[in-house]
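**Q** Before I ask anything, here is the structure I am working with.
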Amino acid sequence: MVVVWIVIAVVVLALLGSAVVVRTRRRPDRSPEPEAPLAPAVRVEPAPLPPEAPEALATDTETTGLSWDQGLGKARGAFSALRALRRQGDMDTTGLAEVQETLLGADVGVETTDAMLSALRERLGRRASGAGLLNGLRAELIELLGHEDRELHVTNDPNAVTVWLFVGVNGVGKTTTIGKVARQQMAAGRSVLLAAGDTFRAAAGEQLRLWAERSGADIVQGAEGSDPSAIIFDAVQRAAARHNDLVLADTAGRFHNRVNLIEELKKIRRVADRPPGSVAEVLLVLDATTGQNGVIQAREFAAAVGVTGIVLTKLDGTAKGGVVLAVQRELGLPVKLVGVGEGVGDLLPFDPEAFVDALVGA
């Protein structure tokens, strides 16, 4: 009996000990801490979209000194197989497969290529030497480009301010072209005022301001998103007050097939032509690397604002220089300036003979 009581006592003591241990290991209950008051609501604006990358400024060199052959290196390369025919003797000219393939590859376009082949067959007959073929092609290309008026015109009215409008889609080098033209015209002795009419592309106004500083030209610039017609109007009025010879006006170029853009350009043209303004040139800037798409752009802009000439940029960076021929034939628009390098002086007056000789010459 005594043993039983001893066992019971041991068990009770063990249970009491474990309860104490468990109790000491439990975290003591704490009253909940008061919650921190909520911060006042803050409206978080969505992050703005990154601005479009500005067009690269041209190099400070007046010219990179490239010849037409060098400046049109890629386009000239596309005609290399055709130039190799000059070494051949008598050959059949009824097919002219090499000529057709080369012209289409240079983005001359189907219609213009077919017209060129027909004229070439009529000129050469059924047989010709390789040299005769190349000489005949050279003559046809120069004739196609014609003897258009490629001069950049100014008004003859001494009381008017000459305005050159620059139009074109974004990314073709429009603002850079205006900067180069400004520098060239200032070097020629004309006083120039730049109008920053592209108020939709965030970097456009700042880029044009940098060109104004580099060239010594004046500039009229408004706030982003402001009415471009008002900026053009102010530019013309200021040019008249300061007796500037020339206003070079930038314009927005979001998409050429947007109705609102076309209507906006029409309005700008009307405003720029109000006295004392006189629009002497509407220059469509095309990127040569876009090839046939440039013809579509030219057609849309020509119908809207009466384009007087083409500025073809980046001709040194593409084999698609045939767009020069397509625009000339299909729309009758003369190419007035071409870019064949990065320097300011590499924006050249278009020379049809030098252009054609670079492609099919020896």
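Just remember, in the structure tokens the first chain shown is A, the second B, etc., residues are 1-based per chain, and ligands are 1-based in the order shown.
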Name all residues at most 10 Å from region 225-235 of chain A (count only C-alpha atoms; drop same-chain ones fewer than 6 positions away) and give them as a ChimeraX atom specification.

**A** /A:163,165,193-202,218-219,241,247-252,264-277

**Q** Those same residues - C-alpha atoms - I'd like them written as an mmCIF file, in the first residue's frame.

**A**
data_model
loop_
_atom_site.group_PDB
_atom_site.id
_atom_site.type_symbol
_atom_site.label_atom_id
_atom_site.label_comp_id
_atom_site.auth_asym_id
_atom_site.auth_seq_id
_atom_site.Cartn_x
_atom_site.Cartn_y
_atom_site.Cartn_z
ATOM 1 C CA VAL A 163 8.409 80.826 -95.580
ATOM 2 C CA LEU A 165 7.399 74.645 -94.647
ATOM 3 C CA LEU A 193 14.186 82.433 -88.107
ATOM 4 C CA LEU A 194 13.126 78.932 -87.086
ATOM 5 C CA ALA A 195 9.509 78.172 -86.138
ATOM 6 C CA ALA A 196 9.115 75.179 -83.815
ATOM 7 C CA GLY A 197 5.729 74.094 -85.151
ATOM 8 C CA ASP A 198 6.024 70.457 -84.069
ATOM 9 C CA THR A 199 4.474 70.829 -80.626
ATOM 10 C CA PHE A 200 3.444 67.182 -80.301
ATOM 11 C CA ARG A 201 6.853 65.508 -80.198
ATOM 12 C CA ALA A 202 8.406 66.346 -76.856
ATOM 13 C CA ASP A 218 16.458 83.163 -84.268
ATOM 14 C CA ILE A 219 13.690 80.862 -83.057
ATOM 15 C CA ALA A 241 9.497 93.003 -87.433
ATOM 16 C CA VAL A 247 11.314 81.463 -91.913
ATOM 17 C CA LEU A 248 11.925 77.709 -91.745
ATOM 18 C CA ALA A 249 8.889 76.075 -90.171
ATOM 19 C CA ASP A 250 8.841 72.639 -88.571
ATOM 20 C CA THR A 251 5.530 70.757 -88.448
ATOM 21 C CA ALA A 252 4.152 67.713 -86.658
ATOM 22 C CA GLU A 264 -3.750 70.717 -89.268
ATOM 23 C CA LEU A 265 -1.146 71.008 -92.037
ATOM 24 C CA LYS A 266 -3.687 72.678 -94.314
ATOM 25 C CA LYS A 267 -4.389 75.237 -91.592
ATOM 26 C CA ILE A 268 -0.681 75.860 -91.045
ATOM 27 C CA ARG A 269 -0.222 76.411 -94.767
ATOM 28 C CA ARG A 270 -3.066 78.959 -94.846
ATOM 29 C CA VAL A 271 -1.766 80.812 -91.787
ATOM 30 C CA ALA A 272 1.823 80.889 -93.055
ATOM 31 C CA ASP A 273 0.631 82.345 -96.369
ATOM 32 C CA ARG A 274 -1.148 85.301 -94.802
ATOM 33 C CA PRO A 275 0.637 88.637 -95.331
ATOM 34 C CA PRO A 276 3.353 89.362 -94.557
ATOM 35 C CA GLY A 277 4.075 85.632 -94.936
#

**Q** What lies within 10 Å of Thr289 (chain A) using only C-alpha atoms, ignoring chain neighbours under 3 positions off, as a list in words?

**A**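 With the cut-off at 10 Å, the set is Asp107, Val172, Leu286, Gln292, Asn293, Gly294, Leu312, Thr313, Lys314, Leu315, Asp316, Gly317, Thr318, Ala319, Lys320, Gly321 and Val323 of chain A.
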
**Q** If we count only C-alpha atoms, what is near Ala75 (chain A) at a cut-off of 12 Å, once residues fewer than 2 positions away on the same chain are taken out, given as a VMD selection string?

**A** chain A and resid 68 to 73 77 to 81 102 to 103 105 to 108 288 to 289 291 314 to 324 340 355 to 360

**Q** Enter the distance from CA of Gly309 (chain A) to CA of Leu284 (chain A), in Å, rounded to one decimal.

**A**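 Computing it gives 6.4 Å between the two atoms.
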
**Q** Apply DSSP to the backbone of this structure and, from region 60-307 of chain A, keep only the residues in strand (DSSP E or B); write these as a ChimeraX atom specification.

**A** /A:90-92,127-129,161-167,192-195,218-220,246-249,277-287

**Q** Could you check the closest approach to Glu342 (chain A) for each of A:Lys180, A:Ala204, A:Leu96, A:Asn244 and tell me which residue wins, using only C-alpha atoms?

**A**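 For Glu342 (chain A), the nearest of the given residues is A:Lys180.
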
**Q** What's the 6 Å shell around Phe350 (chain A), counting only C-alpha atoms, without same-chain residues fewer than 3 positions away, as a list in words?

**A** Lys336, Leu337 and Val338 of chain A

**Q** Save the residues we just selected, C-alpha atoms, as a PDB file, in the first residue's frame?

**A**
ATOM      1  CA  LYS A 336      15.656  69.147-104.405  1.00  0.00           C
ATOM      2  CA  LEU A 337      17.989  68.044-101.604  1.00  0.00           C
ATOM      3  CA  VAL A 338      19.560  64.719-100.635  1.00  0.00           C
TER       4      VAL A 338
END

**Q** Would you mind reading off the distance between CA of Gly168 (chain A) and CA of Ala298 (chain A), one decimal, in Å?

**A**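 Those two atoms sit 8.5 Å apart.
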
**Q** Have a look at CA of Leu117 (chain A) and CA of Thr94 (chain A) and let me know their distance in Å, one decimal.

**A**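 Distance between the two atoms: 9.3 Å.
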
**Q** Quick one: DSSP helix (DSSP H, G or I) residues in region 143-259 of chain A, as a VMD selection string?

**A** chain A and resid 143 to 145 174 to 187 204 to 215 228 to 242 259

**Q** Go through A:Thr162, A:Thr113, A:Thr290, A:Gln185 one by one, measure the shortest atom-to-atom distance of each to Val236 (chain A) using only C-alpha atoms, and give the residue with the smallest value.

**A** A:Thr162
